[in-house]
$ cat my_file-v9.txt   # compact mmCIF, C-alpha atoms and all ligand atoms
# COMPACT_ATOMS: atom_id res chain seq x y z
CA MET M 1 78.16 38.11 105.84
CA ILE M 2 79.57 40.00 108.81
CA CYS M 3 79.99 38.23 112.16
CA ASN M 4 77.40 39.46 114.69
CA ILE M 5 80.01 39.26 117.44
CA CYS M 6 83.37 40.51 116.18
CA GLY M 7 82.45 42.13 112.86
CA LYS M 8 84.90 40.03 110.80
CA ALA M 9 83.94 37.98 107.72
CA SER M 10 81.59 35.04 108.21
CA SER M 11 81.30 32.40 105.45
CA ILE M 12 78.74 29.72 104.60
CA ILE M 13 79.48 26.40 106.29
CA PHE M 14 76.35 24.45 105.32
CA ARG M 15 72.70 24.70 104.37
CA ARG M 16 69.98 22.88 106.29
CA ARG M 17 66.20 22.65 106.17
CA ILE M 18 64.51 24.11 109.25
CA LEU M 19 60.89 23.82 110.38
CA GLY M 20 60.71 21.12 107.75
CA LYS M 21 60.35 23.68 104.94
CA TYR M 22 62.92 26.51 104.81
CA ASP M 23 66.42 25.98 103.45
CA VAL M 24 68.69 28.12 105.59
CA ASP M 25 72.36 29.01 105.23
CA TYR M 26 74.57 28.79 108.33
CA PHE M 27 77.65 31.02 108.52
CA GLN M 28 80.75 30.80 110.69
CA CYS M 29 83.19 33.57 111.54
CA SER M 30 86.78 32.84 110.50
CA SER M 31 88.08 34.87 113.43
CA CYS M 32 86.00 34.13 116.56
CA GLY M 33 84.22 30.95 115.40
CA PHE M 34 80.71 32.28 116.12
CA ILE M 35 77.99 30.56 114.02
CA GLN M 36 74.90 32.44 112.84
CA THR M 37 72.11 31.71 110.41
CA GLU M 38 71.15 33.95 107.50
CA LYS M 39 68.72 36.71 108.49
CA PRO M 40 66.06 34.75 110.42
CA THR M 41 62.75 35.50 108.75
CA TRP M 42 61.03 32.38 110.17
CA LEU M 43 61.05 33.25 113.87
CA GLU M 44 57.39 34.19 114.16
CA GLU M 45 56.52 30.71 112.96
CA SER M 46 59.19 29.13 115.19
CA TYR M 47 57.75 30.78 118.30
CA ARG M 48 54.06 30.29 117.58
CA SER M 49 54.11 28.06 120.63
CA PRO M 50 56.78 29.47 123.00
CA MET M 51 57.37 26.11 124.65
CA ASN M 52 58.87 23.93 122.02
CA ILE M 53 57.32 20.47 122.05
CA GLU M 54 60.68 18.68 121.99
CA ASP M 55 61.77 20.38 125.21
CA THR M 56 61.08 17.56 127.62
CA GLY M 57 64.10 18.59 129.72
CA ILE M 58 62.57 21.86 130.97
CA LEU M 59 62.14 20.78 134.62
CA LYS M 60 65.39 18.85 134.88
CA ARG M 61 67.30 21.76 133.35
CA ASN M 62 65.73 24.37 135.64
CA ILE M 63 66.47 22.35 138.78
CA LEU M 64 70.08 21.72 137.71
CA ALA M 65 70.56 25.41 136.82
CA ALA M 66 69.09 26.43 140.18
CA LYS M 67 71.54 24.17 142.03
CA ARG M 68 74.50 25.52 140.07
CA THR M 69 73.38 29.13 140.39
CA SER M 70 72.76 28.90 144.13
CA ALA M 71 76.29 27.55 144.69
CA ILE M 72 77.83 30.41 142.68
CA LEU M 73 75.68 33.09 144.32
CA PHE M 74 76.05 31.72 147.83
CA PHE M 75 79.85 31.80 147.79
CA LEU M 76 80.76 34.52 145.28
CA PHE M 77 78.00 37.15 145.38
CA ASP M 78 75.94 39.13 147.85
CA THR M 79 73.12 36.77 148.80
CA LYS M 80 71.08 39.71 150.12
CA GLY M 81 71.13 41.41 146.72
CA CYS M 82 68.47 41.40 144.01
CA PHE M 83 68.79 39.10 141.03
CA LEU M 84 67.11 39.12 137.65
CA ASP M 85 66.36 36.17 135.38
CA TYR M 86 66.52 37.72 131.91
CA GLY M 87 64.34 35.82 129.43
CA GLY M 88 62.85 33.94 132.37
CA GLY M 89 60.21 32.01 130.40
CA TYR M 90 57.37 30.68 132.54
CA GLY M 91 59.11 31.85 135.74
CA LEU M 92 59.95 28.37 136.97
CA PHE M 93 63.61 29.18 137.66
CA VAL M 94 62.70 32.41 139.52
CA ARG M 95 60.26 30.47 141.70
CA ILE M 96 62.88 27.82 142.58
CA MET M 97 65.49 30.48 143.39
CA ARG M 98 63.01 32.37 145.57
CA ASP M 99 62.22 29.10 147.35
CA TYR M 100 65.95 28.74 148.04
CA GLY M 101 65.89 32.22 149.59
CA PHE M 102 67.36 34.41 146.83
CA ASN M 103 65.54 37.62 145.94
CA PHE M 104 64.96 36.86 142.26
CA TYR M 105 62.89 38.79 139.71
CA TRP M 106 61.55 37.79 136.32
CA ASN M 107 61.62 39.44 132.91
CA ASP M 108 60.61 38.05 129.50
CA PRO M 109 58.88 40.03 126.75
CA PHE M 110 57.90 36.87 124.83
CA THR M 111 56.50 34.43 127.40
CA GLU M 112 53.77 34.53 130.01
CA ASN M 113 54.95 34.50 133.61
CA LEU M 114 53.14 31.55 135.19
CA PHE M 115 55.20 30.65 138.27
CA ALA M 116 56.69 33.95 139.46
CA ARG M 117 53.73 36.31 139.22
CA GLY M 118 54.21 39.39 141.39
CA PHE M 119 57.98 39.31 140.87
CA GLU M 120 58.23 40.97 137.48
CA TYR M 121 61.36 43.08 137.18
CA ASP M 122 60.63 46.79 137.34
CA PRO M 123 63.67 49.01 136.68
CA VAL M 124 62.19 51.81 138.81
CA HIS M 125 61.26 49.85 141.92
CA THR M 126 63.67 46.90 141.93
CA ASN M 127 66.88 47.63 143.83
CA LYS M 128 70.28 47.44 142.16
CA VAL M 129 70.71 44.06 140.49
CA GLU M 130 73.65 42.07 141.85
CA LEU M 131 73.66 39.57 138.99
CA ILE M 132 71.59 38.60 135.95
CA THR M 133 70.93 35.01 134.97
CA SER M 134 70.04 34.13 131.39
CA LEU M 135 69.40 30.45 130.81
CA GLU M 136 69.24 29.01 127.32
CA CYS M 137 68.63 32.46 125.83
CA PHE M 138 71.89 33.47 124.13
CA GLU M 139 71.39 31.00 121.27
CA HIS M 140 68.00 32.62 120.56
CA PHE M 141 69.31 36.20 120.27
CA THR M 142 69.12 37.79 116.83
CA ASP M 143 71.54 40.49 117.96
CA PRO M 144 73.51 39.07 120.91
CA LEU M 145 75.60 42.19 121.53
CA GLN M 146 72.52 44.39 121.77
CA GLU M 147 71.02 42.00 124.36
CA ILE M 148 74.28 41.83 126.32
CA GLU M 149 74.45 45.64 126.36
CA LYS M 150 70.88 45.76 127.69
CA MET M 151 71.88 43.32 130.44
CA LEU M 152 75.04 45.28 131.26
CA SER M 153 72.96 48.43 131.72
CA ILE M 154 71.23 46.53 134.56
CA SER M 155 74.08 44.58 136.15
CA SER M 156 77.81 44.00 135.68
CA SER M 157 77.56 40.22 136.13
CA ILE M 158 75.79 37.78 133.80
CA LEU M 159 75.58 34.08 134.66
CA PHE M 160 74.26 32.20 131.65
CA SER M 161 73.90 28.86 129.96
CA THR M 162 74.31 28.04 126.29
CA GLU M 163 76.04 25.05 124.71
CA THR M 164 79.43 25.98 123.27
CA PHE M 165 82.16 24.33 121.22
CA SER M 166 85.89 24.79 121.58
CA SER M 167 87.12 24.55 117.98
CA GLY M 168 86.12 23.83 114.41
CA THR M 169 82.51 23.47 113.31
CA PRO M 170 80.20 21.14 115.24
CA ASP M 171 78.98 18.40 112.90
CA PRO M 172 75.46 19.33 111.69
CA ASP M 173 74.53 15.64 111.59
CA ASN M 174 75.55 15.05 115.19
CA TRP M 175 75.28 18.28 117.21
CA LYS M 176 71.69 18.34 118.38
CA TYR M 177 71.99 21.93 119.57
CA TYR M 178 71.47 23.33 116.07
CA TYR M 179 67.82 22.24 116.48
CA PHE M 180 67.01 22.46 112.79
CA SER M 181 63.51 21.18 113.58
CA HIS M 182 62.34 24.43 115.25
CA GLY M 183 64.90 26.90 113.91
CA GLN M 184 65.08 28.92 117.14
CA HIS M 185 68.83 28.48 117.70
CA ILE M 186 70.19 31.17 115.41
CA SER M 187 73.34 32.20 117.35
CA LEU M 188 75.83 29.50 118.36
CA PHE M 189 78.83 30.45 120.42
CA SER M 190 82.36 29.14 120.31
CA LEU M 191 84.32 29.65 123.54
CA SER M 192 86.50 32.15 121.60
CA SER M 193 83.45 34.23 120.71
CA LEU M 194 82.51 34.45 124.41
CA ARG M 195 86.10 35.43 125.29
CA TYR M 196 85.88 38.11 122.59
CA ILE M 197 82.69 39.48 124.20
CA ALA M 198 84.37 39.55 127.63
CA GLN M 199 87.30 41.52 126.22
CA LYS M 200 85.06 43.93 124.31
CA TYR M 201 83.18 44.90 127.47
CA ASN M 202 86.18 44.75 129.86
CA MET M 203 84.86 41.73 131.68
CA HIS M 204 86.23 38.47 132.95
CA PHE M 205 84.99 35.22 131.46
CA TYR M 206 84.62 32.05 133.54
CA SER M 207 83.23 28.81 132.18
CA ASN M 208 82.95 25.08 132.68
CA GLY M 209 84.09 24.87 129.06
CA LYS M 210 80.71 23.55 127.95
CA SER M 211 77.41 25.10 128.85
CA PHE M 212 77.63 27.25 131.99
CA HIS M 213 79.38 30.61 131.93
CA LEU M 214 79.89 33.83 133.84
CA LEU M 215 80.71 37.26 132.45
CA THR M 216 81.58 39.66 135.23
CA ARG M 217 83.68 42.69 136.04
CA ARG M 218 84.75 40.91 139.24
CA SER M 219 88.04 39.11 139.31
CA LEU M 220 87.47 35.50 140.39
CA ASN M 221 89.25 32.22 139.91
CA ASN M 222 88.09 29.87 137.15
CA SER M 223 89.00 26.81 139.24
CA VAL M 224 86.83 28.07 142.10
CA PHE M 225 83.99 28.66 139.62
CA ASN M 226 84.29 25.07 138.37
CA ILE M 227 84.68 23.51 141.82
CA LEU M 228 81.51 25.29 142.96
CA LEU M 229 79.63 23.98 139.92
CA LYS M 230 80.75 20.45 140.75
CA LEU M 231 79.95 20.81 144.46
CA SER M 232 76.55 22.24 143.58
CA LEU M 233 75.42 18.70 142.84
CA LEU M 234 76.57 17.53 146.28
CA GLY M 235 74.37 19.45 148.64
CA ILE M 236 75.40 23.12 148.55
CA PRO M 237 71.86 24.12 147.58
CA SER M 238 70.62 22.31 150.71
CA LEU M 239 73.20 24.24 152.74
CA ALA M 240 72.00 27.48 151.15
CA THR M 241 68.37 26.66 152.00
CA LEU M 242 69.38 25.84 155.57
CA LEU M 243 71.31 29.07 156.07
CA MET M 244 69.05 31.35 154.07
CA LYS M 245 65.43 32.21 154.67
CA SER M 246 63.17 30.72 152.01
CA ASN M 247 60.69 33.11 150.38
CA THR M 248 58.10 30.38 149.77
CA LYS M 249 55.82 31.29 152.71
CA PRO M 250 56.41 35.09 152.80
CA ASP M 251 55.69 35.27 149.01
CA SER M 252 52.47 33.32 149.51
CA ALA M 253 51.41 35.58 152.40
CA ALA M 254 52.15 38.72 150.33
CA ALA M 255 50.16 37.30 147.39
CA GLY M 256 47.25 36.55 149.77
CA GLN M 257 47.25 40.17 150.99
CA ILE M 258 47.22 41.51 147.42
CA LYS M 259 44.36 39.12 146.56
CA SER M 260 42.25 40.25 149.53
CA ILE M 261 42.80 43.95 148.67
CA ARG M 262 41.67 43.16 145.09
CA ASP M 263 38.63 41.25 146.37
CA GLU M 264 37.69 44.22 148.62
CA ASN M 265 37.96 46.59 145.66
CA VAL M 266 35.70 44.35 143.57
CA GLN M 267 32.96 44.24 146.26
ZN ZN H 1 83.46 36.71 114.82

$ encode --input "my_file-v9.txt" --output "structure tokens"
Amino acid sequence: MICNICGKASSIIFRRRILGKYDVDYFQCSSCGFIQTEKPTWLEESYRSPMNIEDTGILKRNILAAKRTSAILFFLFDTKGCFLDYGGGYGLFVRIMRDYGFNFYWNDPFTENLFARGFEYDPVHTNKVELITSLECFEHFTDPLQEIEKMLSISSSILFSTETFSSGTPDPDNWKYYYFSHGQHISLFSLSSLRYIAQKYNMHFYSNGKSFHLLTRRSLNNSVFNILLKLSLLGIPSLATLLMKSNTKPDSAAAGQIKSIRDENVQ
């Protein structure tokens, strides 16, 4: 098999049963370390319910990601810009970021927007996107480079989360992130594979070495990136909310106006 990231040879590393019934081969690239499954023919079944039942960490993860993201955006990007959450799921993260005062939009072709209705990304009417966030999406991509190219056509900075590994092959009996039970994690990134992507698209790669990463054309300092992530847990988001204007009330007022126009049209 050919590696979906660097195009070099990828060989079988193990076979595991997913969804309790399909025996699936996992391949790893000898050059960049990227791990991919055989052609995923089970995804429709995997996504029958978009929210996977084992995902009890959805709220905790969104709040943590919002704290980290607000620290990075507040100090390193234009806080007045527009932002897009690519693969934004139910819209929870977009709603939190809007509450913090960032002008965030939502996009996700596979999930219903429940929390950020009215803030769907529209390429024609949304202003230039300062940065894209993509949380826990990369490991779901069948063709990661195609998705990254789509994102790069919208913005030159991508802040994203996916669990990575630094060397070797994570032990299939111990690394939970394979999630054999639902079979949705079909692309697993080594840090080298992310560095390869950065090089391919002339970008810089910053990372906490584990799960939170930034691909951007801007030249920053990896230590600053990591310090901000650490400080994000110590009150920077509160600082951001103090200094920025939350969208919670204005969004509600705008939604109320739209609702009354709709009601008038119905009468
Ligand atoms: Zn590779």

$ residues_near_ligand --input "my_file-v9.txt" --ligand "ligand ZN 1 (chain H)" --cutoff "9 Å" --atoms "all atoms listed in the file" --output "PyMOL selection string"
chain M and resi 2-10+28-35+192-193+196

$ residues_near_point --input "my_file-v9.txt" --point "(75.1, 27.0, 106.0)" --cutoff "8 Å" --atoms "only C-alpha atoms" --output "PyMOL selection string"
chain M and resi 12-16+24-27+37

$ atom_distance --input "my_file-v9.txt" --atom1 "atom CA of Ile186 of chain M" --atom2 "atom CA of Lys39 of chain M"
9.0 Å

$ atom_distance --input "my_file-v9.txt" --atom1 "atom CA of Gly87 of chain M" --atom2 "atom CA of Asp108 of chain M"
4.3 Å

$ closest_residue --input "my_file-v9.txt" --among "M:Arg218, M:Trp175, M:Gln36, M:His140" --to "Phe110 of chain M" --atoms "all atoms listed in the file"
M:His140

$ residues_around --input "my_file-v9.txt" --residues "Asp99 of chain M" --least-positions-apart "4" --cutoff "6 Å" --atoms "only C-alpha atoms" --output "ChimeraX atom specification"
/M:246-248

$ closest_residue --input "my_file-v9.txt" --among "M:Tyr86, M:Tyr105, M:Phe225, M:Phe74" --to "Phe160 of chain M" --atoms "all atoms listed in the file"
M:Tyr86

$ residues_near_point --input "my_file-v9.txt" --point "(75.1, 44.7, 128.7)" --cutoff "12 Å" --atoms "only C-alpha atoms" --output "VMD selection string"
chain M and resid 86 131 to 132 144 to 158 197 to 198 200 to 203 215 to 217

$ closest_residue --input "my_file-v9.txt" --among "M:Met97, M:Leu188, M:Leu19, M:Leu159" --to "Thr142 of chain M" --atoms "all atoms listed in the file"
M:Leu188

$ closest_residue --input "my_file-v9.txt" --among "M:Thr41, M:Gln199, M:Thr79, M:Ser207" --to "Leu228 of chain M" --atoms "all atoms listed in the file"
M:Ser207

$ decode --input "my_file-v9.txt" --residues "segment 54-69 of chain M" --atoms "N, CA and C atoms" --output "PDB file, in the first residue's frame"
ATOM      1  N   GLU M  54     -19.148   6.073  23.139  1.00  0.00           N
ATOM      2  CA  GLU M  54     -18.056   6.030  24.122  1.00  0.00           C
ATOM      3  C   GLU M  54     -17.485   7.413  24.409  1.00  0.00           C
ATOM      4  N   ASP M  55     -17.924   8.412  23.629  1.00  0.00           N
ATOM      5  CA  ASP M  55     -17.315   9.735  23.741  1.00  0.00           C
ATOM      6  C   ASP M  55     -17.917  10.535  24.892  1.00  0.00           C
ATOM      7  N   THR M  56     -17.592  10.137  26.101  1.00  0.00           N
ATOM      8  CA  THR M  56     -18.108  10.847  27.267  1.00  0.00           C
ATOM      9  C   THR M  56     -17.312  12.120  27.531  1.00  0.00           C
ATOM     10  N   GLY M  57     -16.183  12.300  26.813  1.00  0.00           N
ATOM     11  CA  GLY M  57     -15.319  13.459  27.080  1.00  0.00           C
ATOM     12  C   GLY M  57     -15.655  14.664  26.218  1.00  0.00           C
ATOM     13  N   ILE M  58     -16.800  14.635  25.516  1.00  0.00           N
ATOM     14  CA  ILE M  58     -17.080  15.681  24.522  1.00  0.00           C
ATOM     15  C   ILE M  58     -17.089  17.095  25.134  1.00  0.00           C
ATOM     16  N   LEU M  59     -17.714  17.271  26.300  1.00  0.00           N
ATOM     17  CA  LEU M  59     -17.780  18.610  26.894  1.00  0.00           C
ATOM     18  C   LEU M  59     -16.421  19.039  27.435  1.00  0.00           C
ATOM     19  N   LYS M  60     -15.795  18.158  28.176  1.00  0.00           N
ATOM     20  CA  LYS M  60     -14.496  18.442  28.771  1.00  0.00           C
ATOM     21  C   LYS M  60     -13.489  18.832  27.674  1.00  0.00           C
ATOM     22  N   ARG M  61     -13.517  18.071  26.582  1.00  0.00           N
ATOM     23  CA  ARG M  61     -12.570  18.289  25.485  1.00  0.00           C
ATOM     24  C   ARG M  61     -12.828  19.636  24.792  1.00  0.00           C
ATOM     25  N   ASN M  62     -14.099  19.966  24.589  1.00  0.00           N
ATOM     26  CA  ASN M  62     -14.432  21.229  23.928  1.00  0.00           C
ATOM     27  C   ASN M  62     -14.034  22.428  24.784  1.00  0.00           C
ATOM     28  N   ILE M  63     -14.247  22.326  26.089  1.00  0.00           N
ATOM     29  CA  ILE M  63     -13.896  23.439  26.979  1.00  0.00           C
ATOM     30  C   ILE M  63     -12.373  23.621  27.026  1.00  0.00           C
ATOM     31  N   LEU M  64     -11.647  22.503  27.129  1.00  0.00           N
ATOM     32  CA  LEU M  64     -10.182  22.570  27.149  1.00  0.00           C
ATOM     33  C   LEU M  64      -9.657  23.152  25.824  1.00  0.00           C
ATOM     34  N   ALA M  65     -10.215  22.665  24.706  1.00  0.00           N
ATOM     35  CA  ALA M  65      -9.771  23.157  23.395  1.00  0.00           C
ATOM     36  C   ALA M  65     -10.072  24.647  23.254  1.00  0.00           C
ATOM     37  N   ALA M  66     -11.200  25.084  23.797  1.00  0.00           N
ATOM     38  CA  ALA M  66     -11.562  26.506  23.704  1.00  0.00           C
ATOM     39  C   ALA M  66     -10.582  27.354  24.517  1.00  0.00           C
ATOM     40  N   LYS M  67     -10.175  26.862  25.669  1.00  0.00           N
ATOM     41  CA  LYS M  67      -9.201  27.603  26.483  1.00  0.00           C
ATOM     42  C   LYS M  67      -7.870  27.704  25.745  1.00  0.00           C
ATOM     43  N   ARG M  68      -7.420  26.582  25.214  1.00  0.00           N
ATOM     44  CA  ARG M  68      -6.136  26.583  24.493  1.00  0.00           C
ATOM     45  C   ARG M  68      -6.202  27.491  23.258  1.00  0.00           C
ATOM     46  N   THR M  69      -7.287  27.341  22.507  1.00  0.00           N
ATOM     47  CA  THR M  69      -7.420  28.115  21.265  1.00  0.00           C
ATOM     48  C   THR M  69      -7.483  29.612  21.566  1.00  0.00           C
TER      49      THR M  69
END
